[in-house]
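Peer 1: The structure that follows is given in the form of structure tokens.
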Amino acid sequence: MLTKELIVETGRVVAHDLRQRFGIANPRIAVAGLNPHAGEGGAIGREDLEIVGPAVAELQFEAIDAVGPLPADTLFYPAHWANYDAVLAMYHDQALIPIKTVAFEDAVNVTLGLPIVRTSPDHGTAFDLAGTGRGSDKSFLAAIRMADAMTAQAA
């Protein structure tokens with residue numbers, strides 16, 4: 001399912017929406033590798049050499065400030081991710097495990113590439129907590145604040 005074209009298109013969407021919806025003139029995008037340690041030069045899979053790397057090169061050719069493939073196990077260390085405005089991860093858990101670990105109640109899911117602003121609590125629906133009085137509204141409120149900020153930026 002992983003293709004160079006899909007990564008390039010996703011990188012374009014991320015760069016566009018960081019400019020339009022977040023006001024970042026020259027967004028910096030980190031692209032995570034698919035395999036552990038970004039494939040170790042092909043020793044742990046060739047996808048990073050044959051698919052992810054060429055996609056990053058095409059984004060760079062299009063003047064998008066993208067770097068990668070970067071090893072996901074160190075990319076999400078705060079000192080590293082501070083160098084980027086966004087991380088393009090290869091799959092759901094690769095990005096959400098570190099995000100939820102450091103900001104579970106504050107993280108917001110933002111769907112880029114839509115003609116409307118769409119945010120949601122990053123932790124999901126939490127159906128198991130519904131009606132119990134044990135849930136927190138922090139992530140929901142963070143999602144509302146993010147939507148408001150994105151709408152103001154796009155106006």
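Residues in the structure tokens are named by chain (A, B, ... in the order shown) and by number from 1 within that chain; ligands are numbered from 1 in the order shown.
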Please report, as a PyMOL selection string, each residue of segment 1-142 of chain A to which DSSP assigns strand (DSSP E) when run on this structure's backbone.

Peer 2: chain A and resi 28-32+65-70+86-88+108-110+119-121

Peer 1: As a PyMOL selection string, please: the residues near segment 45-59 of chain A (cut-off 9 Å, only C-alpha atoms, same-chain neighbours under 3 positions excluded).

Peer 2: chain A and resi 2-9+11-12+31-36+38-42+62-69

Peer 1: So that I have them on file, write out the residues from the current selection with N, CA and C atoms, as a CSV table (one decimal), in the first residue's frame.

Peer 2:
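As a result, part-v3.csv now contains:
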```
chain,number,residue,atom,x,y,z
A,2,LEU,N,2.1,1.2,0.4
A,2,LEU,CA,3.0,2.3,0.5
A,2,LEU,C,3.5,2.6,-0.9
A,3,THR,N,3.3,3.9,-1.4
A,3,THR,CA,3.8,4.3,-2.7
A,3,THR,C,4.5,5.6,-2.6
A,4,LYS,N,5.4,5.9,-3.4
A,4,LYS,CA,6.1,7.2,-3.5
A,4,LYS,C,5.1,8.3,-3.8
A,5,GLU,N,4.1,8.0,-4.7
A,5,GLU,CA,3.1,9.0,-5.0
A,5,GLU,C,2.2,9.4,-3.8
A,6,LEU,N,1.9,8.4,-3.0
A,6,LEU,CA,1.1,8.7,-1.9
A,6,LEU,C,1.8,9.5,-0.8
A,7,ILE,N,3.1,9.2,-0.6
A,7,ILE,CA,3.9,10.0,0.3
A,7,ILE,C,4.1,11.5,-0.2
A,8,VAL,N,4.3,11.6,-1.5
A,8,VAL,CA,4.5,12.9,-2.1
A,8,VAL,C,3.2,13.7,-2.0
A,9,GLU,N,2.1,13.1,-2.3
A,9,GLU,CA,0.8,13.8,-2.2
A,9,GLU,C,0.5,14.2,-0.8
A,11,GLY,N,2.7,14.8,1.6
A,11,GLY,CA,3.7,15.9,1.9
A,11,GLY,C,3.2,17.2,1.3
A,12,ARG,N,2.7,17.2,0.1
A,12,ARG,CA,2.1,18.4,-0.5
A,12,ARG,C,1.0,19.0,0.3
A,31,VAL,N,10.0,13.3,7.7
A,31,VAL,CA,9.3,12.1,7.2
A,31,VAL,C,9.9,10.9,7.8
A,32,ALA,N,9.1,10.2,8.6
A,32,ALA,CA,9.6,9.0,9.3
A,32,ALA,C,9.8,7.9,8.3
A,33,GLY,N,10.8,7.1,8.6
A,33,GLY,CA,10.9,5.9,7.8
A,33,GLY,C,9.9,4.8,8.2
A,34,LEU,N,9.7,3.9,7.3
A,34,LEU,CA,8.7,2.8,7.6
A,34,LEU,C,9.3,1.8,8.5
A,35,ASN,N,10.5,1.4,8.3
A,35,ASN,CA,11.1,0.3,9.0
A,35,ASN,C,11.9,0.8,10.2
A,36,PRO,N,12.1,-0.1,11.2
A,36,PRO,CA,13.0,0.3,12.3
A,36,PRO,C,14.3,0.9,11.8
A,38,ALA,N,14.8,3.4,10.1
A,38,ALA,CA,14.6,3.8,8.7
A,38,ALA,C,15.3,2.8,7.7
A,39,GLY,N,15.3,1.5,8.1
A,39,GLY,CA,15.7,0.4,7.3
A,39,GLY,C,17.2,0.1,7.4
A,40,GLU,N,18.0,0.9,8.1
A,40,GLU,CA,19.4,0.6,8.3
A,40,GLU,C,20.1,0.4,6.9
A,41,GLY,N,19.8,1.3,6.0
A,41,GLY,CA,20.5,1.2,4.6
A,41,GLY,C,20.1,0.0,3.9
A,42,GLY,N,18.9,-0.5,4.1
A,42,GLY,CA,18.4,-1.7,3.4
A,42,GLY,C,18.5,-3.0,4.2
A,62,GLU,N,10.4,19.9,-5.3
A,62,GLU,CA,9.3,20.9,-5.4
A,62,GLU,C,9.4,22.0,-4.4
A,63,ALA,N,10.6,22.2,-3.8
A,63,ALA,CA,10.9,23.3,-2.9
A,63,ALA,C,10.1,23.1,-1.5
A,64,ILE,N,9.7,21.9,-1.2
A,64,ILE,CA,9.1,21.6,0.1
A,64,ILE,C,10.3,21.2,1.0
A,65,ASP,N,10.4,21.8,2.2
A,65,ASP,CA,11.5,21.5,3.1
A,65,ASP,C,11.1,20.2,3.9
A,66,ALA,N,11.5,19.1,3.3
A,66,ALA,CA,11.2,17.8,3.8
A,66,ALA,C,12.5,17.1,4.0
A,67,VAL,N,12.7,16.4,5.1
A,67,VAL,CA,13.9,15.5,5.4
A,67,VAL,C,13.4,14.1,5.8
A,68,GLY,N,14.2,13.2,5.4
A,68,GLY,CA,13.9,11.8,5.8
A,68,GLY,C,14.4,10.8,4.7
A,69,PRO,N,14.1,9.6,4.9
A,69,PRO,CA,13.4,9.0,6.0
A,69,PRO,C,14.3,9.0,7.3
```

Peer 1: So, with only C-alpha atoms as the atoms that count, which of A:Gln20, A:Thr119, A:Ser139, A:Thr111 lies closest to Gln153 of chain A?

Peer 2: A:Gln20

Peer 1: Mind pulling up the distance from atom CA of Phe140 of chain A to atom CA of Asp93 of chain A?

Peer 2: 20.6 Å

Peer 1: I need the residues of segment 10-154 of chain A that end up classed as alpha helix (DSSP H) by DSSP on the backbone, written out as a VMD selection string.

Peer 2: chain A and resid 10 to 22 47 53 to 61 72 to 75 78 to 81 92 to 103 138 to 154

Peer 1: With only C-alpha atoms as the counted atoms, please give the residues lying no more than 10 Å from Asp85 of chain A, apart from itself and same-chain residues fewer than 5 positions off, as a PDB file with C-alpha atoms, in the first residue's frame.

Peer 2:
```pdb
ATOM      1  CA  VAL A  14       0.859  18.901   4.807  1.00  0.00           C
ATOM      2  CA  ALA A  15       3.013  21.724   3.397  1.00  0.00           C
ATOM      3  CA  LEU A  18       0.736  24.339   7.314  1.00  0.00           C
ATOM      4  CA  PHE A  22      -1.257  27.563  10.465  1.00  0.00           C
ATOM      5  CA  ILE A  24       3.895  28.820   8.614  1.00  0.00           C
ATOM      6  CA  ASN A  26       8.235  27.735   5.105  1.00  0.00           C
ATOM      7  CA  PRO A  27       7.076  24.570   6.855  1.00  0.00           C
ATOM      8  CA  ARG A  28       9.677  22.008   7.863  1.00  0.00           C
ATOM      9  CA  ILE A  29       8.460  18.445   7.491  1.00  0.00           C
ATOM     10  CA  ALA A  30      10.147  15.385   8.951  1.00  0.00           C
TER      11      ALA A  30
END
```

Peer 1: Extract, using only C-alpha atoms, all DNA, RNA and protein residues at most 8 Å from Val110 of chain A, discarding same-chain residues fewer than 5 positions from it, and format them as a PyMOL selection string.

Peer 2: chain A and resi 117-120

Peer 1: Mind dumping the selected residues with N, CA and C atoms as an mmCIF file, in the first residue's frame?

Peer 2:
```cif
data_model
loop_
_atom_site.group_PDB
_atom_site.id
_atom_site.type_symbol
_atom_site.label_atom_id
_atom_site.label_comp_id
_atom_site.auth_asym_id
_atom_site.auth_seq_id
_atom_site.Cartn_x
_atom_site.Cartn_y
_atom_site.Cartn_z
ATOM 1 N N VAL A 117 -12.274 23.070 8.176
ATOM 2 C CA VAL A 117 -11.441 22.748 9.332
ATOM 3 C C VAL A 117 -12.090 21.583 10.062
ATOM 4 N N ARG A 118 -11.305 20.525 10.325
ATOM 5 C CA ARG A 118 -11.813 19.372 11.068
ATOM 6 C C ARG A 118 -10.814 18.990 12.139
ATOM 7 N N THR A 119 -11.225 19.089 13.383
ATOM 8 C CA THR A 119 -10.410 18.662 14.510
ATOM 9 C C THR A 119 -11.233 17.713 15.367
ATOM 10 N N SER A 120 -10.540 16.936 16.172
ATOM 11 C CA SER A 120 -11.225 16.058 17.122
ATOM 12 C C SER A 120 -10.260 15.730 18.251
#
```

Peer 1: Rounded to one decimal in Å, what is the spacing between atom CA of Val108 of chain A and atom CA of Met1 of chain A?

Peer 2: 26.1 Å

Peer 1: Pick from A:Leu96, A:Leu112, A:Leu88, A:Val102: nearest to His16 of chain A, with only C-alpha atoms counted?

Peer 2: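 Result for the nearest residue to His16 of chain A: A:Leu112.
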
Peer 1: So how far away is atom CA of Ala152 of chain A from atom CA of Arg21 of chain A, in Å?

Peer 2: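 Computed distance, atom CA of Arg21 of chain A to atom CA of Ala152 of chain A, equals 8.5 Å.
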
Peer 1: Which residues come within 12 Å of Pro98 of chain A, counting only C-alpha atoms, excluding same-chain residues fewer than 4 positions away, as a list in words?

Peer 2: Ala72, Asp73, Thr74, Leu75, Phe76, Tyr77, Pro78, Trp81, Val87, Ala89, His92, Asp93, Gln94, Val102, Ala103, Phe104 and Ala107 of chain A

Peer 1: Would you mind telling me which residue in A:Arg145, A:Gly113, A:Asp106, A:Lys100 lies nearest to Asp17 of chain A when using only C-alpha atoms?

Peer 2: A:Gly113
